[in-house]
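Here the structure comes first, spelled out in structure tokens, and everything after it is commentary.
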Amino acid sequence: MKRSLFGTLVIFLALANGAGAQALRASFLKSPQSPELGGAATVDRADITAFKQMIPNAGPMRFPQFMFGQRQFVSEWDPAPGEVPDQDGLGPTFNAIACASCHINNGRGFLPADGEDFESVLVRFSVPGDDGHGGPKPLANYGGQFQHRAVDGVQPEGNAHLEWEYFVGYYTDGTPFRARKPKVVFSQLAFGELPADMMVSLRTANPVIGLGLLERVPAETLLDLADPDDSNGDGISGRMNIVWDAKQQRNAPGRFGWKANVPTVELQNAGAALGDMGVTTAINPDDNCPAVQDACLETAALHPPEAQFRPEFFEQLTRYVLLTAVPRQRNADDVKVMQGRSIFYSSGCVQCHMPTLKTGDSEGFPELANQTIHPFTDLLLHDMGEGLEDGRPDYLASGSEWRTPPLWGIGLTETVSAGQQGYLHDGRARTLEEAILWHGGEAKSAQRRFRALSKKDRAVLLSFLKSL
Ligand code: HEC
Ligand code: HEC
């Protein structure tokens, strides 16, 4: 991997990391937590539209653009040539026809019921090696993501379904719990065998709220919070992913995606447009057709070579994602919620799910600048142990490392995602309890503390999570 200026900065800061870093962590942990989880970018909304609101401090001038961007997020794409100009160019291969197909009401996706097609989840795969920038190496015949759909005249890459392994475990008080783990099984493969050394990762769509704020937490803050060698001896390291920024053509801190493998919202959106829907942008001008997929290449060649997503429209989509607000915490003064919050602290959840961060400067979006926010993430990678391992490294993230996901909005999951719940990177956890019980590796002691709680205290902790 080429070492950019940023790579050098990281090493420098990592060496400098010490007392100062621990002071920052301590000050964030001590700072009071307000129910305004997104600072001034918080909305008081707890219904099915709670994740689709513009941040209130953006001002009314932004609103028409925001709604236009929202339209880009929910619009269904057609194959080219389609009836609506600027909304055609789906495929040749794809997973879904709209951003909102997977990010339901801007919330998370969920796993298909037995025998049903994948609707809001996707599968990434790679082979050992790298893509020239330290990222995963795509399969020669299928690329880096499995597309199970295609436009007329083009073969989809195949089909996939899930098989489940079931587990039973016990809380310390003897109460049993159940858990399950999915395995992806491929069928009707159109372009030959999958390589034997292939690595596979099933992913559900993350909620899309407050991402502009997270993008504006200074990289220095994250490096200060990181403790790659566990120098404070708390059993928790946490490190930043360093990934390729295809727009700036240099390495940059990773923040988005389950392995923090994407540096900016804009690149995440461009990657989603291409990888999930087959829609090209100025950032990714070529359709997604591995060299052996002839019909895909021929269909792609029929289109004019410019971006299918009109640059102005794509820009509005990115503004929309950046300016989507965070819902306010509910029932923050409820005694149970307050007790749950102290259990969340005393169980060590806050060591990764950092309650407070501060955003820094924000060029172009002053409304996102200098906010005290409560996302409950450190945006860092943590080794979560064998149970959660996917065995598929992504830049610096190993097969068992995952980015701490933000917990803001998590209590609204069912409300927003049409009654569905599915937590963790592959959506396996049907309840918040199940999600916590899968925590291993660096989070093993926190998981043990949770398992050892009384039934009443477990319920109290959950009331806190559900208030977020
Ligand atoms: C086929 C389902 C699917 C579609 C369609 C889809 N996404 Fe996603 N999205 C995902 C998944 C899965 C992830 C997590 C990716 C990962 O970790 O590898 C994700 C992650 C994201 C993230 C990062 C969130 C975070 O917290 O890090 C953003 C932003 C995003 N998508 C925006 C979009 C936009 C904009 C579109 C439309 C152009 C879109 N997505 C279309 C499935 C989808
Ligand atoms: C060592 C860091 C660490 C600690 C400590 C930790 N977590 Fe997590 N948590 C993570 C990571 C990383 C994930 C994502 C894992 C995955 O998707 O495979 C996660 C996922 C979750 C999720 C699911 C989020 C989602 O969007 O699907 C919940 C809920 C959660 N944690 C709650 C807790 C609670 C409660 C505690 C304390 C008992 C805790 N965590 C302790 C790192 C940690």
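Naming scheme: A, B, ... for chains in displayed order of the structure tokens; residues 1 onward per chain; ligands 1 onward as shown.
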
Given a cut-off of 7 Å, what residues near ligand 1 show up using only C-alpha atoms and all ligand atoms, put as a ChimeraX atom specification? /A:73,95-103,119-122,203-208,211,255-260,265,268-270,272-273,276-277,317-318,321

Neighbouring residues of ligand 2 are defined here as those with any atom at most 6 Å from a ligand atom, counting only C-alpha atoms and all ligand atoms; list them as a list in words.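 Checking only C-alpha atoms and all ligand atoms against ligand 2 at 6 Å gives Ile236, Phe344, Ser347, Gly348, Cys349, Gln351, Cys352, His382, Leu388, Trp402, Arg403, Thr404, Pro405, Tyr423, Leu424, His425, Leu432, Ala435, Ile436, Glu442, Ala443, Ala446, Gln447 and Phe450 of chain A.
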
Generate the output file for the selected residues, C-alpha atoms, as a PDB file, in the first residue's frame.
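Ended up saving to selection_14.pdb:
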```pdb
ATOM      1  CA  ILE A 236      -9.999  -2.656  24.573  1.00  0.00           C
ATOM      2  CA  PHE A 344     -24.574   1.071  30.155  1.00  0.00           C
ATOM      3  CA  SER A 347     -20.922  -2.486  32.057  1.00  0.00           C
ATOM      4  CA  GLY A 348     -18.211  -0.886  29.929  1.00  0.00           C
ATOM      5  CA  CYS A 349     -20.413  -0.400  26.854  1.00  0.00           C
ATOM      6  CA  GLN A 351     -15.638   2.135  26.100  1.00  0.00           C
ATOM      7  CA  CYS A 352     -16.594   1.648  22.447  1.00  0.00           C
ATOM      8  CA  HIS A 382     -12.707  -3.462  17.431  1.00  0.00           C
ATOM      9  CA  LEU A 388     -18.999 -12.220  14.667  1.00  0.00           C
ATOM     10  CA  TRP A 402     -15.959  -4.153  13.063  1.00  0.00           C
ATOM     11  CA  ARG A 403     -16.623  -0.454  13.467  1.00  0.00           C
ATOM     12  CA  THR A 404     -18.598   0.391  16.602  1.00  0.00           C
ATOM     13  CA  PRO A 405     -21.998   1.258  15.136  1.00  0.00           C
ATOM     14  CA  TYR A 423     -29.101  -5.904  14.342  1.00  0.00           C
ATOM     15  CA  LEU A 424     -25.350  -6.421  13.750  1.00  0.00           C
ATOM     16  CA  HIS A 425     -23.559  -6.356  10.426  1.00  0.00           C
ATOM     17  CA  LEU A 432     -31.179  -5.902  21.111  1.00  0.00           C
ATOM     18  CA  ALA A 435     -27.029  -8.236  19.561  1.00  0.00           C
ATOM     19  CA  ILE A 436     -25.351  -7.713  22.943  1.00  0.00           C
ATOM     20  CA  GLU A 442     -12.561  -6.967  23.082  1.00  0.00           C
ATOM     21  CA  ALA A 443     -16.212  -6.726  24.146  1.00  0.00           C
ATOM     22  CA  ALA A 446     -18.917  -6.171  28.672  1.00  0.00           C
ATOM     23  CA  GLN A 447     -20.921  -9.134  27.360  1.00  0.00           C
ATOM     24  CA  PHE A 450     -24.547  -8.048  30.676  1.00  0.00           C
TER      25      PHE A 450
END
```

Separation of atom CA of Thr356 of chain A and atom CA of Ile373 of chain A, in Å?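 Answer for the atom CA of Thr356 of chain A to atom CA of Ile373 of chain A separation: 5.6 Å.
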
Which of A:Asp130, A:Asp173, A:Asp86, A:Glu165 sits closest to Ser454 of chain A [using only C-alpha atoms]: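 The answer is A:Asp173, which sits nearest to Ser454 of chain A.
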
Run DSSP on the backbone and grab whatever in segment 6-149 of chain A lands in alpha helix (DSSP H); send it over as number ranges by chain. A: 6-16, 19-30, 63-74, 99-102

Pick the closest to Gly135 of chain A from A:Thr377, A:Ser27, A:Asn241, A:Ser342: which is it, counting only C-alpha atoms? A:Asn241

Using DSSP on the backbone coordinates, identify all residues within segment 348-405 of chain A classified as strand (DSSP E or B); present the result as number ranges by chain. A: 357-358, 372-373, 381-383, 394, 397, 401-403

Keeping N, CA and C atoms for every residue in the selection just given, could you write it to a file as a PDB file, in the first residue's frame?
```pdb
ATOM      1  N   LEU A 357     -19.207  12.985  21.440  1.00  0.00           N
ATOM      2  CA  LEU A 357     -18.121  13.421  20.555  1.00  0.00           C
ATOM      3  C   LEU A 357     -18.410  14.865  20.182  1.00  0.00           C
ATOM      4  N   LYS A 358     -17.420  15.529  19.617  1.00  0.00           N
ATOM      5  CA  LYS A 358     -17.653  16.906  19.146  1.00  0.00           C
ATOM      6  C   LYS A 358     -17.272  17.010  17.687  1.00  0.00           C
ATOM      7  N   THR A 372     -21.899  19.343  19.947  1.00  0.00           N
ATOM      8  CA  THR A 372     -21.671  18.249  20.894  1.00  0.00           C
ATOM      9  C   THR A 372     -22.748  17.215  20.606  1.00  0.00           C
ATOM     10  N   ILE A 373     -22.309  16.031  20.244  1.00  0.00           N
ATOM     11  CA  ILE A 373     -23.269  15.009  19.799  1.00  0.00           C
ATOM     12  C   ILE A 373     -23.142  13.749  20.663  1.00  0.00           C
ATOM     13  N   LEU A 381     -12.388   0.563  14.862  1.00  0.00           N
ATOM     14  CA  LEU A 381     -12.515  -0.881  14.661  1.00  0.00           C
ATOM     15  C   LEU A 381     -12.186  -1.604  15.954  1.00  0.00           C
ATOM     16  N   HIS A 382     -12.978  -2.630  16.257  1.00  0.00           N
ATOM     17  CA  HIS A 382     -12.707  -3.462  17.431  1.00  0.00           C
ATOM     18  C   HIS A 382     -12.793  -4.936  17.039  1.00  0.00           C
ATOM     19  N   ASP A 383     -11.927  -5.719  17.632  1.00  0.00           N
ATOM     20  CA  ASP A 383     -11.982  -7.156  17.413  1.00  0.00           C
ATOM     21  C   ASP A 383     -13.147  -7.703  18.225  1.00  0.00           C
ATOM     22  N   ASP A 394     -10.784  -5.911   5.269  1.00  0.00           N
ATOM     23  CA  ASP A 394     -11.138  -4.769   4.433  1.00  0.00           C
ATOM     24  C   ASP A 394     -10.212  -3.616   4.826  1.00  0.00           C
ATOM     25  N   ALA A 397      -8.963  -3.388   8.507  1.00  0.00           N
ATOM     26  CA  ALA A 397      -9.883  -4.172   9.350  1.00  0.00           C
ATOM     27  C   ALA A 397      -9.673  -5.662   9.095  1.00  0.00           C
ATOM     28  N   GLU A 401     -12.724  -7.726  12.941  1.00  0.00           N
ATOM     29  CA  GLU A 401     -12.884  -6.340  13.406  1.00  0.00           C
ATOM     30  C   GLU A 401     -14.068  -5.657  12.733  1.00  0.00           C
ATOM     31  N   TRP A 402     -14.790  -4.905  13.543  1.00  0.00           N
ATOM     32  CA  TRP A 402     -15.959  -4.153  13.063  1.00  0.00           C
ATOM     33  C   TRP A 402     -15.917  -2.763  13.649  1.00  0.00           C
ATOM     34  N   ARG A 403     -16.507  -1.819  12.937  1.00  0.00           N
ATOM     35  CA  ARG A 403     -16.623  -0.454  13.467  1.00  0.00           C
ATOM     36  C   ARG A 403     -17.734  -0.432  14.513  1.00  0.00           C
TER      37      ARG A 403
END
```

Within 10 Å of Ala140 of chain A using only C-alpha atoms, minus same-chain residues under 3 positions, as a ChimeraX atom specification: /A:126-127,137,143-144,191,194-195,290-292

Output the selection as a JSON list (two decimals), in the first residue's frame - N, CA and C atoms for each residue.
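The file below, part08.json, is the result:
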```json
[["chain", "number", "residue", "atom", "x", "y", "z"],
["A", 126, "SER", "N", -14.48, -11.45, -1.76],
["A", 126, "SER", "CA", -13.15, -11.10, -2.27],
["A", 126, "SER", "C", -12.26, -12.34, -2.17],
["A", 127, "VAL", "N", -11.08, -12.23, -2.78],
["A", 127, "VAL", "CA", -10.08, -13.29, -2.66],
["A", 127, "VAL", "C", -8.84, -12.68, -1.99],
["A", 137, "LYS", "N", -9.59, -7.60, -2.76],
["A", 137, "LYS", "CA", -9.39, -7.94, -4.17],
["A", 137, "LYS", "C", -10.65, -8.64, -4.71],
["A", 143, "GLY", "N", -16.64, -10.07, -9.44],
["A", 143, "GLY", "CA", -16.41, -8.75, -8.84],
["A", 143, "GLY", "C", -16.35, -8.82, -7.32],
["A", 144, "GLY", "N", -16.67, -7.70, -6.68],
["A", 144, "GLY", "CA", -16.55, -7.62, -5.22],
["A", 144, "GLY", "C", -17.87, -7.71, -4.50],
["A", 191, "PHE", "N", -21.52, -17.58, -13.85],
["A", 191, "PHE", "CA", -20.18, -17.37, -14.43],
["A", 191, "PHE", "C", -19.13, -18.29, -13.82],
["A", 194, "LEU", "N", -17.30, -20.44, -7.75],
["A", 194, "LEU", "CA", -16.70, -19.41, -6.89],
["A", 194, "LEU", "C", -15.36, -19.95, -6.43],
["A", 195, "PRO", "N", -14.32, -19.10, -6.38],
["A", 195, "PRO", "CA", -13.01, -19.62, -6.00],
["A", 195, "PRO", "C", -13.01, -20.22, -4.60],
["A", 290, "PRO", "N", -17.56, -7.43, -14.59],
["A", 290, "PRO", "CA", -16.29, -8.17, -14.68],
["A", 290, "PRO", "C", -16.05, -8.66, -16.11],
["A", 291, "ALA", "N", -14.77, -8.80, -16.48],
["A", 291, "ALA", "CA", -14.40, -9.06, -17.87],
["A", 291, "ALA", "C", -15.08, -10.29, -18.49],
["A", 292, "VAL", "N", -15.48, -11.27, -17.70],
["A", 292, "VAL", "CA", -16.08, -12.48, -18.28],
["A", 292, "VAL", "C", -17.57, -12.32, -18.53]]
```
